[in-house]
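What follows is a set of notes on a single structure, which appears directly below.
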Amino acid sequence: MVVELNVDVIPVWDDNYVFAVRLPESVWIIDPADFSTVDGYLKSKDLTPTTILNTHHHFDHVGGNEDFKKAYDLEIWANVNDKARIPGHTKAVTPGQSYLLDGVNIEVIDVPGHTIGHIAYFLPDHKILFAGDTLFSLGCGRLFEGTPAQMLSSLSLLKSLPSETMVYAAHEYTLANGKFAETVEPENQDLRLYLQQCQDMRALGQPTIPFNLGHQELCNPFLRTSVDRVQEFAGPLHCEIQVFGAIRRAKDSF
Ligand code: ZN
Ligand code: FE
């Protein structure tokens, strides 16, 4: 039997999202950026956190780890290959392996690129992906540590998940990403429609997270490096890695 769960989206600071996964007898926090905001939210709902899942070492993802550890008896998950950079970690997980937590299957996916030790958490029975800073709505993470080749292969791993998967990304970047995406593919009607919907949601103060994975293949330029129009934008290049690299650089200076 599949354990029922709900995911709450907790906005932190300007554009970070922290997620609280509520299960019958436990509560997970994905990437607690900040203790007081997240703890205040949990207290307001009478929730006690039991596990923290970290995607990567950046401060806006692990900033609350130590304070949560002091305040609660909880487990903190980190990539075994990058645990030295994850403060307070208590459990090292191995990319490529599956884990059972509170009766829920979790696949740990290796997605280097934004950082070298970045991992994503996929819940196959719920079709939920916690993508950290790897895949955003209409965009992808900056390459702080990895190469275009690494990020492209990380994104194609994520692309291979079931198309109905809902993606929980860690930042509200959709509108800015969409503006750039429109310069890459001005004629893309799926992109235009989706961006309009997202603008309406933002105008109402709603998050554009989570979003559908399969739909991103129609409108996210970083998942469309095999498409002619996207390759034209990138210029006369030879392989998808170069196309991806060119688009990523163009976005960095957009
Ligand atoms: Zn980051
Ligand atoms: Fe981040």
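A note on labels: chains of the structure tokens are A, B, ... as shown, every chain counts residues from 1, and ligands are counted from 1 in their shown order.
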Per-residue nearest contacts chain A to ligand 2, cut-off 8 Å, using only C-alpha atoms and all ligand atoms, as CSV:
residue,atom,partner,partner_atom_place_in_ligand_line,distance
A:Asn16,CA,ligand 2,1 (Fe),6.9
A:His58,CA,ligand 2,1 (Fe),6.4
A:Phe59,CA,ligand 2,1 (Fe),7.7
A:Asp60,CA,ligand 2,1 (Fe),5.4
A:His61,CA,ligand 2,1 (Fe),6.1
A:Gly132,CA,ligand 2,1 (Fe),7.0
A:Asp133,CA,ligand 2,1 (Fe),5.5
A:Ala170,CA,ligand 2,1 (Fe),6.2
A:His171,CA,ligand 2,1 (Fe),6.6
Inset, instruction - Please identify every polymer residue within 12 Å of ligand 1, using only C-alpha atoms and all ligand atoms, and present the set as a VMD selection string. - result: chain A and resid 16 to 17 31 33 54 to 63 112 to 119 131 to 136 140 to 145 169 to 171
Selection to disk with N, CA, C and O atoms, as a short mmCIF file (atom, residue, chain, number, x, y, z; two decimals), in the first residue's frame:
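After the write, result.cif holds the following:
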data_model
loop_
_atom_site.label_atom_id
_atom_site.label_comp_id
_atom_site.auth_asym_id
_atom_site.auth_seq_id
_atom_site.Cartn_x
_atom_site.Cartn_y
_atom_site.Cartn_z
N ASN A 16 13.34 31.52 -2.28
CA ASN A 16 13.58 30.11 -1.93
C ASN A 16 12.28 29.39 -1.55
O ASN A 16 11.40 30.01 -0.97
N TYR A 17 12.22 28.12 -1.88
CA TYR A 17 11.13 27.28 -1.36
C TYR A 17 11.70 26.13 -0.56
O TYR A 17 12.62 25.44 -1.02
N ASP A 31 15.62 20.58 2.32
CA ASP A 31 16.48 21.77 2.23
C ASP A 31 16.03 22.95 3.09
O ASP A 31 15.61 23.99 2.57
N ALA A 33 16.31 26.07 4.39
CA ALA A 33 17.16 27.24 4.16
C ALA A 33 17.40 27.99 5.46
O ALA A 33 18.52 28.42 5.75
N ASN A 54 18.70 16.80 2.36
CA ASN A 54 19.45 17.87 1.69
C ASN A 54 19.82 17.48 0.27
O ASN A 54 20.25 16.36 0.02
N THR A 55 19.67 18.44 -0.65
CA THR A 55 20.06 18.17 -2.04
C THR A 55 21.50 18.58 -2.34
O THR A 55 22.18 17.95 -3.13
N HIS A 56 21.96 19.68 -1.71
CA HIS A 56 23.34 20.12 -1.96
C HIS A 56 23.77 21.10 -0.88
O HIS A 56 22.96 21.53 -0.05
N HIS A 57 25.03 21.49 -0.91
CA HIS A 57 25.64 22.14 0.25
C HIS A 57 25.41 23.65 0.35
O HIS A 57 25.81 24.26 1.33
N HIS A 58 24.79 24.27 -0.64
CA HIS A 58 24.65 25.74 -0.58
C HIS A 58 23.86 26.19 0.66
O HIS A 58 22.92 25.54 1.08
N PHE A 59 24.26 27.37 1.14
CA PHE A 59 23.72 27.86 2.40
C PHE A 59 22.19 28.01 2.36
O PHE A 59 21.51 27.76 3.35
N ASP A 60 21.67 28.40 1.19
CA ASP A 60 20.21 28.59 1.12
C ASP A 60 19.46 27.26 1.04
O ASP A 60 18.26 27.23 0.77
N HIS A 61 20.17 26.16 1.29
CA HIS A 61 19.53 24.84 1.35
C HIS A 61 19.82 24.11 2.67
O HIS A 61 19.02 23.31 3.12
N VAL A 62 20.97 24.40 3.26
CA VAL A 62 21.35 23.72 4.51
C VAL A 62 21.41 24.67 5.70
O VAL A 62 21.75 24.25 6.81
N GLY A 63 21.06 25.95 5.46
CA GLY A 63 21.23 26.98 6.50
C GLY A 63 20.55 26.66 7.82
O GLY A 63 21.01 27.11 8.87
N PRO A 112 25.03 15.87 -10.73
CA PRO A 112 26.08 16.88 -10.65
C PRO A 112 25.90 17.95 -11.73
O PRO A 112 25.33 17.68 -12.78
N GLY A 113 26.40 19.15 -11.44
CA GLY A 113 26.31 20.24 -12.41
C GLY A 113 26.28 21.57 -11.67
O GLY A 113 27.24 22.34 -11.70
N HIS A 114 25.18 21.83 -10.98
CA HIS A 114 25.08 23.05 -10.15
C HIS A 114 26.17 23.00 -9.08
O HIS A 114 26.93 23.95 -8.90
N THR A 115 26.23 21.86 -8.37
CA THR A 115 27.40 21.53 -7.56
C THR A 115 27.78 20.10 -7.94
O THR A 115 27.00 19.38 -8.55
N ILE A 116 28.98 19.69 -7.53
CA ILE A 116 29.43 18.34 -7.87
C ILE A 116 28.67 17.27 -7.10
O ILE A 116 28.38 16.21 -7.62
N GLY A 117 28.31 17.58 -5.85
CA GLY A 117 27.65 16.57 -5.03
C GLY A 117 26.14 16.71 -4.98
O GLY A 117 25.50 16.21 -4.06
N HIS A 118 25.55 17.37 -5.97
CA HIS A 118 24.10 17.60 -5.94
C HIS A 118 23.35 16.28 -6.17
O HIS A 118 23.67 15.55 -7.10
N ILE A 119 22.35 16.02 -5.32
CA ILE A 119 21.47 14.87 -5.54
C ILE A 119 20.01 15.33 -5.59
O ILE A 119 19.68 16.42 -5.08
N ALA A 131 14.00 18.45 -6.72
CA ALA A 131 15.09 18.66 -7.69
C ALA A 131 16.15 19.64 -7.21
O ALA A 131 17.15 19.84 -7.89
N GLY A 132 15.95 20.27 -6.04
CA GLY A 132 16.94 21.24 -5.56
C GLY A 132 17.14 22.35 -6.56
O GLY A 132 16.19 22.97 -7.05
N ASP A 133 18.41 22.61 -6.91
CA ASP A 133 18.75 23.65 -7.88
C ASP A 133 19.22 23.06 -9.21
O ASP A 133 20.05 23.64 -9.91
N THR A 134 18.71 21.86 -9.55
CA THR A 134 19.12 21.25 -10.82
C THR A 134 18.15 21.63 -11.93
O THR A 134 18.55 22.22 -12.94
N LEU A 135 16.88 21.30 -11.75
CA LEU A 135 15.85 21.63 -12.75
C LEU A 135 14.88 22.64 -12.17
O LEU A 135 14.31 22.42 -11.11
N PHE A 136 14.74 23.77 -12.88
CA PHE A 136 13.74 24.76 -12.50
C PHE A 136 12.64 24.79 -13.57
O PHE A 136 12.84 24.30 -14.68
N CYS A 140 17.31 25.88 -15.57
CA CYS A 140 18.10 24.91 -14.80
C CYS A 140 19.09 25.68 -13.95
O CYS A 140 19.24 26.89 -14.11
N GLY A 141 19.74 24.99 -13.03
CA GLY A 141 20.68 25.65 -12.13
C GLY A 141 21.93 26.15 -12.85
O GLY A 141 22.31 25.62 -13.90
N ARG A 142 22.54 27.16 -12.27
CA ARG A 142 23.83 27.63 -12.79
C ARG A 142 24.91 26.58 -12.57
O ARG A 142 24.86 25.83 -11.60
N LEU A 143 25.90 26.59 -13.43
CA LEU A 143 27.00 25.62 -13.29
C LEU A 143 28.10 26.21 -12.41
O LEU A 143 29.05 26.80 -12.91
N PHE A 144 27.94 26.08 -11.11
CA PHE A 144 28.97 26.60 -10.21
C PHE A 144 30.17 25.66 -10.14
O PHE A 144 31.30 26.10 -10.00
N GLU A 145 29.93 24.37 -10.18
CA GLU A 145 31.03 23.42 -10.00
C GLU A 145 31.18 22.42 -11.14
O GLU A 145 32.27 21.91 -11.36
N ALA A 169 10.97 22.32 -7.22
CA ALA A 169 12.27 22.97 -7.38
C ALA A 169 12.42 24.00 -6.26
O ALA A 169 11.42 24.50 -5.72
N ALA A 170 13.64 24.34 -5.94
CA ALA A 170 13.91 25.11 -4.71
C ALA A 170 13.85 26.63 -4.87
O ALA A 170 14.11 27.34 -3.91
N HIS A 171 13.53 27.12 -6.06
CA HIS A 171 13.45 28.58 -6.23
C HIS A 171 12.29 28.97 -7.14
O HIS A 171 11.94 28.24 -8.07
#
Legend entry - Shell of 7 Å around Tyr168 in chain A, only C-alpha atoms, local chain residues under 4 positions omitted, as a PyMOL selection string: chain A and resi 129-131+209-210
Just the selected residues (N, CA, C and O atoms), exported as a PDB file, in the first residue's frame, please.
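As written to disk, result.pdb reads:
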ATOM      1  N   LEU A 129       9.296  14.623  -7.468  1.00  0.00           N
ATOM      2  CA  LEU A 129      10.745  14.824  -7.537  1.00  0.00           C
ATOM      3  C   LEU A 129      11.126  16.081  -6.773  1.00  0.00           C
ATOM      4  O   LEU A 129      10.564  17.157  -7.018  1.00  0.00           O
ATOM      5  N   PHE A 130      12.082  15.947  -5.859  1.00  0.00           N
ATOM      6  CA  PHE A 130      12.670  17.116  -5.214  1.00  0.00           C
ATOM      7  C   PHE A 130      13.987  17.395  -5.925  1.00  0.00           C
ATOM      8  O   PHE A 130      14.959  16.649  -5.777  1.00  0.00           O
ATOM      9  N   ALA A 131      14.003  18.452  -6.725  1.00  0.00           N
ATOM     10  CA  ALA A 131      15.085  18.661  -7.687  1.00  0.00           C
ATOM     11  C   ALA A 131      16.150  19.643  -7.206  1.00  0.00           C
ATOM     12  O   ALA A 131      17.151  19.840  -7.893  1.00  0.00           O
ATOM     13  N   ILE A 209       5.415  26.412  -8.322  1.00  0.00           N
ATOM     14  CA  ILE A 209       5.972  25.127  -7.903  1.00  0.00           C
ATOM     15  C   ILE A 209       4.877  24.371  -7.147  1.00  0.00           C
ATOM     16  O   ILE A 209       4.203  25.021  -6.320  1.00  0.00           O
ATOM     17  N   PRO A 210       4.654  23.081  -7.339  1.00  0.00           N
ATOM     18  CA  PRO A 210       5.370  22.202  -8.251  1.00  0.00           C
ATOM     19  C   PRO A 210       4.881  22.370  -9.696  1.00  0.00           C
ATOM     20  O   PRO A 210       3.854  22.976  -9.943  1.00  0.00           O
TER      21      PRO A 210
END
Which residues are close to Leu218 in chain A, i.e. within 10 Å by only C-alpha atoms, leaving aside same-chain residues fewer than 6 positions away? Reply as a tab-separated table (two decimals) with N, CA and C atoms, in the first residue's frame.
chain	number	residue	atom	x	y	z
A	138	LEU	N	11.14	26.13	-16.53
A	138	LEU	CA	11.68	26.88	-17.67
A	138	LEU	C	13.18	27.18	-17.57
A	188	ASN	N	7.51	29.57	-29.82
A	188	ASN	CA	7.02	28.40	-29.09
A	188	ASN	C	5.70	28.72	-28.37
A	189	GLN	N	4.59	28.18	-28.91
A	189	GLN	CA	3.27	28.50	-28.36
A	189	GLN	C	3.05	27.88	-26.97
A	190	ASP	N	3.59	26.68	-26.76
A	190	ASP	CA	3.47	26.04	-25.44
A	190	ASP	C	4.12	26.91	-24.38
A	191	LEU	N	5.28	27.44	-24.74
A	191	LEU	CA	6.00	28.32	-23.82
A	191	LEU	C	5.20	29.58	-23.53
A	194	TYR	N	2.16	28.79	-21.29
A	194	TYR	CA	2.56	28.42	-19.93
A	194	TYR	C	3.06	29.64	-19.16
A	224	ARG	N	15.63	21.05	-24.28
A	224	ARG	CA	15.29	21.03	-25.70
A	224	ARG	C	16.51	21.26	-26.59
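Closest to Lys251 in chain A among A:Ser153, A:Thr50, A:Asn177, A:Ser36 is A:Asn177, based on only C-alpha atoms.
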Legend entry - Distance criterion (only C-alpha atoms): nearest to Leu158 in chain A out of A:Leu101, A:Leu53, A:Ile109, A:Leu74: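 For Leu158 in chain A, the nearest of the candidates is A:Ile109.
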Legend entry - DSSP-assigned strand (DSSP E or B) among range 2-240 of chain A, expressed as a PyMOL selection string: chain A and resi 6-12+16-22+27-30+51-53+75-79+91-93+98-101+104-110+119-123+128-132+135-136+139-140+166-169+171+211-212
Legend entry - Between CA of Phe19 in chain A and CA of Gln196 in chain A - distance in Å to one decimal: 25.2 Å
Legend entry - Nearby residues (only C-alpha atoms) at most 12 Å from range 91-95 of chain A, same-chain spacing under 2 positions excluded, as number ranges by chain: A: 51-55, 74-89, 97-101, 106-112, 117-122, 154
Legend entry - Atom pair CA of Asp46 in chain A / CA of Val18 in chain A: separation (Å):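 Going from CA of Asp46 in chain A over to CA of Val18 in chain A covers 17.0 Å.
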Legend entry - DSSP alpha helix (DSSP H) selection over range 48-249 of chain A, as a PyMOL selection string: chain A and resi 59-62+65-71+148-159+174-184+189-203+213-219+228-234+240-249
